[in-house]
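Engineer: Structure file coords-v6.cif (mmCIF, C-alpha atoms and all ligand atoms) is given on the next line.
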```
data_run
#
loop_
_atom_site.label_atom_id
_atom_site.label_comp_id
_atom_site.auth_asym_id
_atom_site.auth_seq_id
_atom_site.Cartn_x
_atom_site.Cartn_y
_atom_site.Cartn_z
CA MET E 16 -89.62 -32.93 95.76
CA GLY E 17 -91.52 -29.71 96.42
CA LYS E 18 -94.69 -31.40 95.23
CA LEU E 19 -94.04 -34.47 97.39
CA HIS E 20 -93.39 -32.44 100.56
CA SER E 21 -96.63 -30.55 99.87
CA ARG E 22 -98.62 -33.75 99.53
CA ALA E 23 -97.04 -35.14 102.70
CA TYR E 24 -98.12 -32.11 104.75
CA GLN E 25 -101.64 -32.48 103.34
CA ALA E 26 -101.83 -36.17 104.31
CA LEU E 27 -100.78 -35.62 107.94
CA SER E 28 -104.14 -34.77 109.44
CA SER E 29 -105.79 -37.95 108.15
CA VAL E 30 -102.86 -40.35 108.69
CA TYR E 31 -102.00 -39.04 112.17
CA PRO E 32 -105.20 -37.34 113.44
CA GLU E 33 -104.11 -37.58 117.09
CA LEU E 34 -101.35 -35.03 116.46
CA GLY E 35 -104.01 -32.37 116.07
CA LEU E 36 -101.99 -30.81 113.25
CA ARG E 37 -103.68 -29.44 110.14
CA PRO E 38 -100.88 -27.98 108.00
CA ARG E 39 -101.94 -25.26 105.56
CA LEU E 40 -99.98 -24.70 102.36
CA LEU E 41 -99.36 -20.97 102.55
CA HIS E 42 -96.52 -19.65 100.43
CA ALA E 43 -94.56 -21.37 97.63
CA ALA E 44 -91.41 -20.10 95.91
CA ASP E 45 -89.86 -21.20 92.61
CA THR E 46 -87.84 -19.24 90.07
CA ALA E 47 -89.81 -20.96 87.26
CA PRO E 48 -93.09 -18.96 86.92
CA ASP E 49 -95.10 -21.95 85.65
CA ARG E 50 -94.12 -23.91 88.76
CA VAL E 51 -95.29 -21.06 91.00
CA GLU E 52 -98.59 -21.16 89.13
CA TYR E 53 -98.72 -24.94 89.54
CA ALA E 54 -98.09 -24.60 93.29
CA ARG E 55 -101.01 -22.20 93.60
CA ASP E 56 -103.48 -23.68 91.13
CA VAL E 57 -102.84 -27.39 91.51
CA LEU E 58 -101.14 -27.98 94.87
CA GLY E 59 -103.33 -25.37 96.59
CA TYR E 60 -100.83 -22.86 98.02
CA GLU E 61 -102.49 -19.60 99.06
CA ARG E 62 -99.62 -17.45 97.74
CA GLY E 63 -96.73 -17.83 95.30
CA THR E 64 -93.51 -15.94 94.59
CA GLY E 65 -90.35 -16.09 92.49
CA ASP E 66 -88.22 -15.18 95.52
CA TYR E 67 -87.83 -17.60 98.46
CA ARG E 68 -86.98 -14.65 100.74
CA GLU E 69 -90.62 -13.58 100.61
CA VAL E 70 -91.61 -16.95 102.07
CA LEU E 71 -89.06 -16.59 104.87
CA ALA E 72 -90.27 -13.05 105.61
CA ASP E 73 -93.93 -14.14 105.74
CA PRO E 74 -95.04 -13.97 109.39
CA ASP E 75 -97.86 -16.49 108.75
CA VAL E 76 -95.35 -19.20 107.76
CA ASP E 77 -94.42 -21.47 110.70
CA VAL E 78 -92.15 -24.03 108.96
CA VAL E 79 -90.54 -24.33 105.53
CA SER E 80 -89.48 -27.10 103.19
CA ILE E 81 -86.30 -26.55 101.19
CA CYS E 82 -86.46 -28.59 97.98
CA ALA E 83 -84.29 -26.50 95.66
CA PRO E 84 -81.21 -27.95 93.91
CA ASN E 85 -78.12 -28.68 96.02
CA MET E 86 -76.25 -25.42 95.27
CA LEU E 87 -79.01 -23.47 97.03
CA HIS E 88 -79.23 -25.59 100.18
CA ARG E 89 -76.54 -23.59 101.99
CA GLU E 90 -77.93 -20.17 101.09
CA ILE E 91 -81.59 -21.03 101.75
CA GLY E 92 -80.83 -23.23 104.79
CA VAL E 93 -78.80 -20.46 106.48
CA ALA E 94 -81.46 -17.86 105.56
CA ALA E 95 -84.25 -20.06 106.99
CA ALA E 96 -82.33 -20.50 110.26
CA GLU E 97 -81.68 -16.75 110.48
CA ALA E 98 -85.39 -16.11 109.87
CA GLY E 99 -86.15 -18.45 112.81
CA LYS E 100 -88.12 -20.90 110.62
CA PRO E 101 -87.76 -24.62 111.43
CA PHE E 102 -86.92 -26.33 108.16
CA TRP E 103 -87.24 -29.70 106.45
CA ILE E 104 -84.46 -29.77 103.86
CA GLU E 105 -83.69 -32.23 101.13
CA LYS E 106 -80.55 -34.36 101.13
CA PRO E 107 -77.63 -34.06 100.62
CA VAL E 108 -77.84 -30.54 102.18
CA GLY E 109 -75.42 -28.70 99.93
CA ARG E 110 -72.67 -29.69 97.56
CA ASP E 111 -70.14 -30.84 100.16
CA ALA E 112 -69.50 -31.10 103.89
CA ARG E 113 -68.54 -27.41 104.04
CA ASP E 114 -71.98 -26.35 102.79
CA THR E 115 -73.68 -28.77 105.21
CA ALA E 116 -71.55 -27.55 108.15
CA GLU E 117 -72.58 -23.93 107.48
CA VAL E 118 -76.27 -24.87 107.53
CA ALA E 119 -75.71 -26.91 110.71
CA GLU E 120 -73.94 -24.00 112.40
CA ALA E 121 -76.71 -21.54 111.47
CA ALA E 122 -79.42 -23.94 112.71
CA ARG E 123 -77.56 -24.51 115.99
CA LYS E 124 -77.11 -20.77 116.53
CA ALA E 125 -80.78 -20.06 115.81
CA GLY E 126 -82.00 -23.09 117.80
CA VAL E 127 -84.42 -24.12 115.05
CA VAL E 128 -85.60 -27.71 114.54
CA THR E 129 -84.30 -29.31 111.34
CA SER E 130 -85.33 -32.40 109.42
CA ILE E 131 -83.66 -34.08 106.44
CA GLY E 132 -85.11 -35.87 103.42
CA PHE E 133 -83.58 -39.26 104.20
CA ASN E 134 -86.94 -40.89 103.44
CA TYR E 135 -85.78 -44.51 103.17
CA ARG E 136 -85.20 -44.64 106.94
CA HIS E 137 -88.94 -44.64 107.49
CA ALA E 138 -89.78 -47.82 105.56
CA PRO E 139 -91.37 -50.12 108.16
CA ALA E 140 -89.02 -52.97 107.16
CA VAL E 141 -86.00 -50.69 107.71
CA GLU E 142 -87.27 -49.54 111.11
CA HIS E 143 -87.71 -53.20 112.07
CA ALA E 144 -84.22 -54.15 110.87
CA ARG E 145 -82.86 -51.30 112.99
CA GLU E 146 -84.63 -52.68 116.06
CA LEU E 147 -83.22 -56.16 115.38
CA VAL E 148 -79.71 -54.71 115.23
CA ALA E 149 -80.26 -52.62 118.35
CA ASP E 150 -81.74 -55.45 120.47
CA GLY E 151 -78.97 -57.86 119.47
CA SER E 152 -81.19 -60.28 117.50
CA LEU E 153 -78.58 -60.41 114.72
CA GLY E 154 -75.66 -60.63 117.16
CA ARG E 155 -72.70 -58.38 116.42
CA ILE E 156 -72.83 -56.93 112.90
CA THR E 157 -69.61 -58.06 111.26
CA ASN E 158 -70.06 -56.95 107.64
CA LEU E 159 -72.60 -55.43 105.30
CA ARG E 160 -73.23 -54.58 101.67
CA ALA E 161 -75.42 -51.69 100.58
CA VAL E 162 -76.13 -50.17 97.17
CA PHE E 163 -78.20 -47.56 95.39
CA PHE E 164 -78.35 -48.62 91.74
CA THR E 165 -80.70 -46.48 89.68
CA GLY E 166 -80.99 -45.87 85.98
CA TYR E 167 -82.21 -42.25 85.86
CA ALA E 168 -79.16 -41.42 83.72
CA ALA E 169 -78.82 -44.80 81.97
CA GLU E 170 -79.98 -43.24 78.68
CA PRO E 171 -76.92 -41.61 76.98
CA LYS E 172 -79.20 -38.77 75.83
CA GLY E 173 -80.55 -38.35 79.35
CA ALA E 174 -80.65 -34.61 80.14
CA LEU E 175 -77.73 -32.73 81.66
CA SER E 176 -79.73 -31.37 84.60
CA TRP E 177 -78.11 -29.47 87.49
CA ARG E 178 -77.23 -32.89 88.96
CA PHE E 179 -74.33 -33.32 86.49
CA LYS E 180 -72.64 -29.93 87.13
CA ARG E 181 -70.10 -29.66 89.92
CA GLU E 182 -70.92 -26.03 90.77
CA LEU E 183 -74.63 -26.85 91.07
CA ALA E 184 -74.65 -30.35 92.58
CA GLY E 185 -71.20 -31.06 93.99
CA THR E 186 -70.48 -34.75 93.48
CA GLY E 187 -72.65 -37.02 91.27
CA ALA E 188 -73.72 -40.51 92.36
CA LEU E 189 -71.73 -39.96 95.57
CA GLY E 190 -73.80 -37.04 96.88
CA ASP E 191 -77.07 -37.78 95.11
CA LEU E 192 -77.32 -41.52 95.79
CA LEU E 193 -74.59 -42.77 98.12
CA SER E 194 -75.74 -40.14 100.67
CA HIS E 195 -78.96 -42.17 101.07
CA VAL E 196 -76.94 -45.39 101.44
CA VAL E 197 -74.59 -43.87 104.03
CA ASP E 198 -77.50 -42.49 106.02
CA LEU E 199 -79.26 -45.87 105.97
CA VAL E 200 -76.29 -47.89 107.18
CA GLN E 201 -75.38 -45.30 109.83
CA TYR E 202 -79.04 -45.32 110.96
CA LEU E 203 -78.99 -49.13 111.12
CA VAL E 204 -75.53 -49.94 112.37
CA GLY E 205 -73.47 -46.99 113.61
CA PRO E 206 -70.98 -44.32 112.54
CA ILE E 207 -68.52 -44.90 109.69
CA THR E 208 -65.01 -43.95 110.77
CA GLU E 209 -62.88 -44.61 107.71
CA VAL E 210 -63.45 -44.87 103.97
CA SER E 211 -61.69 -45.83 100.74
CA ALA E 212 -63.38 -45.02 97.43
CA LEU E 213 -63.21 -45.03 93.65
CA THR E 214 -65.48 -43.28 91.18
CA SER E 215 -66.06 -43.32 87.43
CA THR E 216 -68.02 -41.33 84.85
CA VAL E 217 -69.79 -43.49 82.28
CA TYR E 218 -71.04 -40.79 79.83
CA ALA E 219 -68.74 -37.77 79.33
CA GLU E 220 -71.35 -35.48 77.68
CA ARG E 221 -75.13 -35.00 77.77
CA PRO E 222 -77.74 -32.63 76.21
CA ILE E 223 -78.36 -29.46 78.26
CA LEU E 224 -81.62 -29.10 80.26
CA PRO E 225 -82.57 -25.56 81.40
CA MET E 226 -83.21 -25.17 85.17
CA GLY E 227 -86.85 -25.65 86.19
CA SER E 228 -87.85 -27.54 83.05
CA GLY E 229 -88.39 -31.31 82.99
CA THR E 230 -86.89 -33.63 85.59
CA HIS E 231 -83.64 -35.58 85.81
CA PHE E 232 -85.44 -38.45 84.02
CA ALA E 233 -85.89 -36.33 80.84
CA VAL E 234 -84.36 -37.55 77.53
CA ILE E 235 -83.44 -34.92 74.89
CA GLU E 236 -82.89 -36.17 71.32
CA ASP E 237 -81.18 -33.26 69.51
CA GLY E 238 -79.96 -30.97 72.29
CA GLU E 239 -76.66 -29.12 72.55
CA LEU E 240 -74.12 -31.24 74.45
CA ALA E 241 -72.08 -30.16 77.47
CA PRO E 242 -69.65 -32.09 79.70
CA VAL E 243 -70.72 -34.19 82.69
CA GLU E 244 -68.62 -32.88 85.57
CA ASN E 245 -69.07 -35.47 88.29
CA ASP E 246 -69.25 -39.22 88.96
CA ASP E 247 -71.85 -41.61 87.54
CA TYR E 248 -70.63 -44.49 89.71
CA ALA E 249 -69.00 -44.70 93.15
CA ALA E 250 -67.79 -47.61 95.25
CA THR E 251 -66.49 -47.50 98.81
CA LEU E 252 -65.01 -49.78 101.41
CA VAL E 253 -65.97 -48.62 104.90
CA ARG E 254 -65.13 -49.31 108.54
CA PHE E 255 -67.63 -48.66 111.34
CA ALA E 256 -66.81 -47.63 114.91
CA PRO E 257 -66.24 -50.48 117.38
CA THR E 258 -69.19 -51.35 119.63
CA ALA E 259 -69.35 -52.56 123.24
CA GLY E 260 -69.70 -56.06 121.77
CA GLY E 261 -66.45 -56.02 119.80
CA PRO E 262 -64.77 -54.61 116.73
CA GLY E 263 -66.78 -52.47 114.34
CA ALA E 264 -68.37 -53.82 111.18
CA VAL E 265 -66.80 -53.42 107.76
CA GLY E 266 -68.59 -53.18 104.46
CA THR E 267 -68.97 -52.09 100.86
CA LEU E 268 -71.26 -49.32 99.64
CA GLU E 269 -71.91 -48.61 95.95
CA ALA E 270 -74.02 -46.23 93.89
CA SER E 271 -74.73 -45.77 90.19
CA ARG E 272 -77.08 -43.49 88.27
CA THR E 273 -76.40 -45.11 84.88
CA ILE E 274 -77.11 -48.74 85.65
CA VAL E 275 -79.37 -50.78 83.36
CA GLY E 276 -81.50 -53.25 85.29
CA PRO E 277 -82.17 -52.00 88.80
CA GLN E 278 -84.49 -48.95 88.63
CA CYS E 279 -84.61 -47.74 92.20
CA GLY E 280 -82.39 -50.45 93.66
CA LEU E 281 -81.56 -49.12 97.07
CA GLY E 282 -80.83 -52.03 99.36
CA PHE E 283 -78.72 -53.53 102.10
CA GLU E 284 -77.58 -56.88 103.42
CA LEU E 285 -76.55 -56.91 107.09
CA TYR E 286 -74.58 -59.87 108.38
CA GLY E 287 -74.29 -60.51 112.12
CA THR E 288 -72.84 -63.28 114.27
CA ASP E 289 -76.38 -64.53 115.05
CA GLY E 290 -78.37 -63.60 111.94
CA SER E 291 -78.81 -61.57 108.78
CA ALA E 292 -81.28 -59.06 107.35
CA ALA E 293 -81.72 -58.02 103.73
CA TRP E 294 -83.95 -55.34 102.16
CA ASP E 295 -84.36 -53.72 98.77
CA PHE E 296 -86.53 -50.67 98.05
CA GLU E 297 -87.89 -52.26 94.85
CA ARG E 298 -89.52 -54.78 97.21
CA MET E 299 -90.02 -52.22 99.95
CA ASN E 300 -92.64 -54.18 101.84
CA GLU E 301 -90.49 -57.29 102.26
CA LEU E 302 -87.77 -57.90 104.84
CA ARG E 303 -85.67 -61.03 104.46
CA LEU E 304 -84.45 -62.42 107.76
CA CYS E 305 -82.33 -65.29 108.95
CA LEU E 306 -82.40 -65.48 112.74
CA GLY E 307 -80.09 -67.93 114.48
CA ARG E 308 -77.22 -70.14 113.32
CA SER E 309 -78.98 -73.48 113.76
CA GLY E 310 -82.41 -75.11 114.06
CA PRO E 311 -84.84 -76.18 111.35
CA HIS E 312 -85.25 -72.79 109.59
CA GLN E 313 -81.89 -72.22 107.92
CA GLY E 314 -81.85 -69.61 105.16
CA TYR E 315 -83.90 -66.47 104.66
CA THR E 316 -87.55 -66.10 105.65
CA THR E 317 -89.51 -63.23 104.09
CA VAL E 318 -91.54 -61.04 106.44
CA LEU E 319 -94.24 -58.89 104.80
CA GLY E 320 -95.33 -55.45 105.92
CA ASN E 321 -97.53 -55.71 109.01
CA ALA E 322 -98.70 -53.70 111.99
CA HIS E 323 -95.66 -54.64 114.11
CA LEU E 324 -93.26 -52.82 111.78
CA GLY E 325 -92.72 -49.06 111.99
CA ASP E 326 -95.70 -46.89 111.03
CA TYR E 327 -97.21 -49.57 108.74
CA ALA E 328 -100.57 -49.67 110.56
CA ARG E 329 -101.11 -45.96 109.85
CA PHE E 330 -101.33 -46.70 106.15
CA GLN E 331 -102.79 -50.20 105.79
CA PRO E 332 -105.42 -52.10 107.78
CA GLY E 333 -103.92 -55.59 107.41
CA PRO E 334 -100.61 -57.32 106.62
CA GLY E 335 -99.15 -57.72 103.14
CA ILE E 336 -100.74 -54.62 101.56
CA ALA E 337 -98.04 -52.55 99.87
CA MET E 338 -97.05 -49.10 101.06
CA GLY E 339 -95.27 -46.77 98.62
CA TYR E 340 -92.50 -44.19 98.36
CA ASP E 341 -94.85 -41.24 98.96
CA ASP E 342 -95.97 -42.75 102.27
CA LEU E 343 -92.37 -42.56 103.53
CA LYS E 344 -92.52 -38.79 103.07
CA VAL E 345 -95.70 -38.65 105.17
CA VAL E 346 -93.84 -40.43 107.99
CA GLU E 347 -91.01 -37.92 107.52
CA ALA E 348 -93.46 -34.98 107.76
CA ARG E 349 -94.86 -36.51 110.97
CA LYS E 350 -91.39 -36.82 112.53
CA PHE E 351 -90.54 -33.24 111.52
CA LEU E 352 -93.70 -31.61 112.85
CA THR E 353 -93.66 -33.75 116.01
CA ALA E 354 -90.19 -32.39 116.76
CA VAL E 355 -91.25 -28.82 115.88
CA THR E 356 -94.24 -28.99 118.24
CA GLY E 357 -92.08 -30.21 121.13
CA GLY E 358 -92.69 -33.95 120.85
CA GLU E 359 -90.27 -36.83 120.59
CA ARG E 360 -87.24 -36.29 118.35
CA ARG E 361 -87.31 -39.18 115.87
CA ASN E 362 -86.39 -37.10 112.81
CA ALA E 363 -83.05 -37.05 111.00
CA THR E 364 -81.40 -33.73 111.89
CA ILE E 365 -78.86 -31.44 110.29
CA ASP E 366 -76.18 -33.11 112.47
CA ASP E 367 -77.10 -36.47 110.92
CA ALA E 368 -76.87 -34.85 107.47
CA LEU E 369 -73.41 -33.52 108.37
CA ALA E 370 -72.36 -37.01 109.52
CA VAL E 371 -73.35 -38.28 106.06
CA ALA E 372 -71.70 -35.36 104.24
CA GLU E 373 -68.42 -36.01 106.07
CA VAL E 374 -68.43 -39.61 104.80
CA ILE E 375 -69.19 -38.44 101.24
CA SER E 376 -66.45 -35.79 101.36
CA ALA E 377 -63.96 -38.35 102.75
CA ALA E 378 -64.96 -40.73 99.92
CA GLU E 379 -64.46 -37.99 97.33
CA ALA E 380 -61.01 -37.22 98.76
CA SER E 381 -60.12 -40.91 98.83
CA ALA E 382 -61.19 -41.38 95.21
CA ALA E 383 -58.90 -38.49 94.25
CA SER E 384 -55.87 -39.62 96.28
CA GLY E 385 -56.23 -43.39 96.28
CA GLN E 386 -55.72 -43.34 100.06
CA TRP E 387 -57.99 -44.40 102.95
CA ARG E 388 -59.49 -41.31 104.64
CA PRO E 389 -60.69 -40.91 108.25
CA VAL E 390 -64.19 -39.50 108.81
CA PRO E 391 -64.34 -36.76 111.47
CA PRO E 392 -66.94 -37.40 114.20
CA VAL E 393 -69.97 -35.06 114.28
CA PRO E 394 -71.22 -34.07 117.75
CA GLY E 395 -75.01 -34.32 117.98
CA ALA E 396 -75.38 -36.91 115.21
CA ARG E 397 -77.28 -40.04 116.26
CA PHE E 398 -76.78 -43.56 114.99
CA GLY E 399 -78.43 -46.96 115.22
CA GLY E 400 -76.88 -50.21 116.34
CA GLY E 401 -77.91 -50.52 119.94
CA GLY E 402 -77.91 -46.99 121.26
CA ASP E 403 -78.62 -43.48 120.08
N1 LIG M 501 -85.17 -37.66 99.22
C1 LIG M 501 -85.23 -38.12 97.99
O1 LIG M 501 -85.50 -39.31 97.76
C2 LIG M 501 -84.98 -37.15 96.85
C3 LIG M 501 -85.41 -37.47 95.56
C4 LIG M 501 -85.23 -36.50 94.54
C5 LIG M 501 -84.60 -35.29 94.86
N2 LIG M 501 -84.16 -35.06 96.12
C6 LIG M 501 -83.47 -33.78 96.44
O2 LIG M 501 -84.41 -32.72 96.30
C7 LIG M 501 -83.77 -31.55 95.79
C8 LIG M 501 -84.51 -31.11 94.54
O3 LIG M 501 -84.44 -32.14 93.58
P1 LIG M 501 -85.56 -32.26 92.43
O4 LIG M 501 -85.34 -33.57 91.77
O5 LIG M 501 -86.90 -31.96 93.01
O6 LIG M 501 -85.06 -31.07 91.49
P2 LIG M 501 -85.87 -30.32 90.34
O7 LIG M 501 -84.85 -29.72 89.46
O8 LIG M 501 -86.91 -31.23 89.77
O9 LIG M 501 -86.64 -29.19 91.15
C9 LIG M 501 -85.94 -28.12 91.74
C10 LIG M 501 -86.85 -26.90 91.68
O10 LIG M 501 -86.16 -25.82 92.32
C11 LIG M 501 -86.42 -24.64 91.57
N3 LIG M 501 -85.45 -23.59 91.85
C12 LIG M 501 -84.25 -23.35 91.27
N4 LIG M 501 -83.68 -22.25 91.79
C13 LIG M 501 -84.53 -21.78 92.73
C14 LIG M 501 -84.50 -20.66 93.62
N5 LIG M 501 -83.47 -19.80 93.66
N6 LIG M 501 -85.56 -20.46 94.45
C15 LIG M 501 -86.63 -21.30 94.44
N7 LIG M 501 -86.69 -22.40 93.62
C16 LIG M 501 -85.67 -22.62 92.78
C17 LIG M 501 -86.39 -25.13 90.12
O11 LIG M 501 -87.02 -24.20 89.24
C18 LIG M 501 -87.19 -26.45 90.25
O12 LIG M 501 -88.57 -26.26 90.11
C19 LIG M 501 -82.30 -31.94 95.55
O13 LIG M 501 -81.52 -31.49 96.59
C20 LIG M 501 -82.33 -33.46 95.49
O14 LIG M 501 -81.12 -34.04 95.94
C21 LIG M 501 -84.35 -35.95 97.12
#
```
Show how you would write the structure in this file as structure tokens.

Structural biologist:
Amino acid sequence: MGKLHSRAYQALSSVYPELGLRPRLLHAADTAPDRVEYARDVLGYERGTGDYREVLADPDVDVVSICAPNMLHREIGVAAAEAGKPFWIEKPVGRDARDTAEVAEAARKAGVVTSIGFNYRHAPAVEHARELVADGSLGRITNLRAVFFTGYAAEPKGALSWRFKRELAGTGALGDLLSHVVDLVQYLVGPITEVSALTSTVYAERPILPMGSGTHFAVIEDGELAPVENDDYAATLVRFAPTAGGPGAVGTLEASRTIVGPQCGLGFELYGTDGSAAWDFERMNELRLCLGRSGPHQGYTTVLGNAHLGDYARFQPGPGIAMGYDDLKVVEARKFLTAVTGGERRNATIDDALAVAEVISAAEASAASGQWRPVPPVPGARFGGGGD
């Protein structure tokens, strides 16, 4: 993620020249010395350090990206706020809602702009689906299904990275994957108010991977095994807040990191009284729409990426030319730095991250107790569905 944030900052001046922003990569921190070297020699940072505090103390640094593992989000997020540095932090912002709330409180106190790595929001097809929900084109959303099915841990000898340890990551598929799903549906439809969940762990042990070596896709043939401490799979039933148009939507959200088949299968199906919309990240540039209950065009029509959708025209000159994952991070960098420089606030904020974390924590509690759990409202969080 550190590499991807760096590339996104570098792309800004050519993708959005009118912003007049030319980010410079100044100071990179990583506890793995070879990654500090990589940041300097390959990514082009002017300085490197093993201690993130040196970055926060650097008076030349205007904004920071926090891309460390989840257990450091609270510590580094609070330190960044106290240092007065606006920060772009990766999801899920800590291991649980308590971690996220501490970062939110520190950011509020310091008055710094925050931005969250909920990159899937920025897909042009997703932005368009959000507009269709907000302007009533789909009618009242009655029910939805959304999933994040990925196979990064489908291999039984897939490495036991920090993601599988409770102390380092918090929950498993819930925090790592369902957090993206929850953010997407709250961005599209509105706040979730109640949740019921179950979780399961598919592989009980995995070979150990030292911090800062490899990625969570690594496979280790003869490594020492240690226990997996969190969930590989999570399923939830959710209720959304009522809208002016009637009762709130209901839906199912699922996530798996061990699935065989879908590779980065993050998708949703929204069903409204007047239409439906369906999207899947593996076909990121396609939005399937059914608008209206009658007439000659029953069934889904596929709309391809084009200049009317989101920031598509910034990346491609004509319709139907695929954008990619990395482009979403460039849009995210644009929203972050626009907010930092006093422009329109279109970025996901720490309050939005807390609204997601509260759903994930409620789901975790529900999975443990077998009971439905209410989700506490988060002041300052903004949602889709016809009004921010
Ligand atoms: N938005 C997305 O789509 C997305 C995708 C992948 C990861 N993420 C998030 O990004 C974060 C990082 O994930 P990753 O896959 O890049 O992990 P990673 O393990 O590949 O990289 C984490 C890096 O942090 C370094 N690190 C560890 N302790 C440190 C410290 N004290 N100070 C500075 N650096 C330290 C490690 O050495 C490593 O280089 C996680 O929170 C994850 O949830 C988000």

Engineer: How many Å separate atom CA of Leu175 of chain E from atom CA of Ser228 of chain E?

Structural biologist: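 Spanning atom CA of Leu175 of chain E to atom CA of Ser228 of chain E is a straight-line distance of 11.5 Å.
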
Engineer: Could you give me, as a ChimeraX atom specification, every polymer residue with an atom at most 7 Å away from an atom of ligand LIG 501 (chain M), counting only C-alpha atoms and all ligand atoms?

Structural biologist: /E:16-17,44-47,50,65-67,82-85,87,105-108,132-134,191,226-227,229-231

Engineer: At what distance in Å, to one decimal, does atom CA of Met338 of chain E lie from atom CA of Leu302 of chain E?

Structural biologist: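 Separation between atom CA of Leu302 of chain E and atom CA of Met338 of chain E: 13.3 Å.
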
Engineer: Quick one: of E:Glu33, E:Asp247, E:Glu146, E:Asp111, who's nearest to Gly166 of chain E, counting only C-alpha atoms?

Structural biologist: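 Looking only at the distances to Gly166 of chain E, the closest residue turns out to be E:Asp247.
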
Engineer: In Å, how far is it from atom CA of Gln25 of chain E to atom CA of Arg39 of chain E?

Structural biologist: 7.6 Å

Engineer: Excluding same-chain residues fewer than 3 positions from Arg329 of chain E, what lies within 10 Å of it counting only C-alpha atoms, as a ChimeraX atom specification?

Structural biologist: /E:29-31,322,325-326,332,342,346

Engineer: Counting only C-alpha atoms, what is within 7 Å of segment 315-318 of chain E, bar same-chain residues fewer than 3 positions away, as an mmCIF file with C-alpha atoms, in the frame of the given file?

Structural biologist:
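Saved to around.cif:
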```cif
data_model
loop_
_atom_site.group_PDB
_atom_site.id
_atom_site.type_symbol
_atom_site.label_atom_id
_atom_site.label_comp_id
_atom_site.auth_asym_id
_atom_site.auth_seq_id
_atom_site.Cartn_x
_atom_site.Cartn_y
_atom_site.Cartn_z
ATOM 1 C CA GLU E 301 -90.490 -57.290 102.260
ATOM 2 C CA LEU E 302 -87.770 -57.900 104.840
ATOM 3 C CA ARG E 303 -85.670 -61.030 104.460
ATOM 4 C CA LEU E 304 -84.450 -62.420 107.760
ATOM 5 C CA CYS E 305 -82.330 -65.290 108.950
#
```

Engineer: So which residues touch Gln386 of chain E within 12 Å, counting only C-alpha atoms, skipping near sequence neighbours fewer than 5 positions away, as a ChimeraX atom specification?

Structural biologist: /E:209-213,251-252,377-381

Engineer: Which is closer to Leu224 of chain E than all the others in E:Tyr60, E:Phe398, E:Phe179, E:Tyr248, using all atoms listed in the file?

Structural biologist: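 Selected residue with least distance to Leu224 of chain E: E:Phe179.
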
Engineer: E:Trp103, E:Leu183, E:Leu319, E:Leu324: which is nearest Ile336 of chain E, counting only C-alpha atoms?

Structural biologist: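 Checking each of E:Trp103, E:Leu183, E:Leu319, E:Leu324 against Ile336 of chain E, counting only C-alpha atoms, the winner is E:Leu319.
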
Engineer: Could you give me, as a count of residues only, the residues within 7 Å of Asp366 of chain E, counting all atoms listed in the file and dropping anything in the same chain fewer than 4 positions from it?

Structural biologist: 5

Engineer: Mind checking which residues fall within 8 Å of Ala144 of chain E, counting all atoms listed in the file, ignoring those fewer than 3 positions away in the same chain, and posting them as a ChimeraX atom specification?

Structural biologist: /E:140-141,147-148,203,292,302

Engineer: Ranking E:Glu269, E:Glu347, E:Asp49, E:Asp237 by minimum distance to Phe163 of chain E and counting only C-alpha atoms, which one comes first?

Structural biologist: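 Residue with the minimum atom-to-atom distance to Phe163 of chain E: E:Glu269.
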
Engineer: Pick the closest to His195 of chain E from E:Ala337, E:Ala264, E:Ala270, E:Ala125: which is it, counting all atoms listed in the file?

Structural biologist: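 The answer is E:Ala270, which sits nearest to His195 of chain E.
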
Engineer: How close does each residue of segment 260-318 of chain E get to segment 169-172 of chain E, giving the shortest atom pair and distance in Å to one decimal for every residue with an atom at most 12 Å away, counting only C-alpha atoms, sorted by chain and residue number, as JSON lines?

Structural biologist:
```
{"residue": "E:Ser271", "atom": "CA", "partner": "E:Ala169", "partner_atom": "CA", "distance": 9.2}
{"residue": "E:Arg272", "atom": "CA", "partner": "E:Ala169", "partner_atom": "CA", "distance": 6.7}
{"residue": "E:Thr273", "atom": "CA", "partner": "E:Ala169", "partner_atom": "CA", "distance": 3.8}
{"residue": "E:Ile274", "atom": "CA", "partner": "E:Ala169", "partner_atom": "CA", "distance": 5.7}
{"residue": "E:Val275", "atom": "CA", "partner": "E:Ala169", "partner_atom": "CA", "distance": 6.2}
{"residue": "E:Gly276", "atom": "CA", "partner": "E:Ala169", "partner_atom": "CA", "distance": 9.5}
{"residue": "E:Pro277", "atom": "CA", "partner": "E:Ala169", "partner_atom": "CA", "distance": 10.5}
{"residue": "E:Gln278", "atom": "CA", "partner": "E:Ala169", "partner_atom": "CA", "distance": 9.7}
```

Engineer: Could you check which of E:Pro139, E:Pro225, E:Gly307, E:Pro262 is closest to Tyr327 of chain E, using only C-alpha atoms?

Structural biologist: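 Nearest candidate to Tyr327 of chain E out of E:Pro139, E:Pro225, E:Gly307, E:Pro262: E:Pro139.
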
Engineer: Show me the residues close to (-76.7, -49.6, 95.1) - anything with an atom within 8 Å, counting only C-alpha atoms - and format the list as a ChimeraX atom specification.

Structural biologist: /E:161-165,193,196,268-271,280-282

Engineer: Could you give me, as a PyMOL selection string, the residues that have an atom at most 6 Å away from the point (-71.2, -54.5, 109.3) in the coordinates of the file, using all atoms listed in the file?

Structural biologist: chain E and resi 156-159+264-266
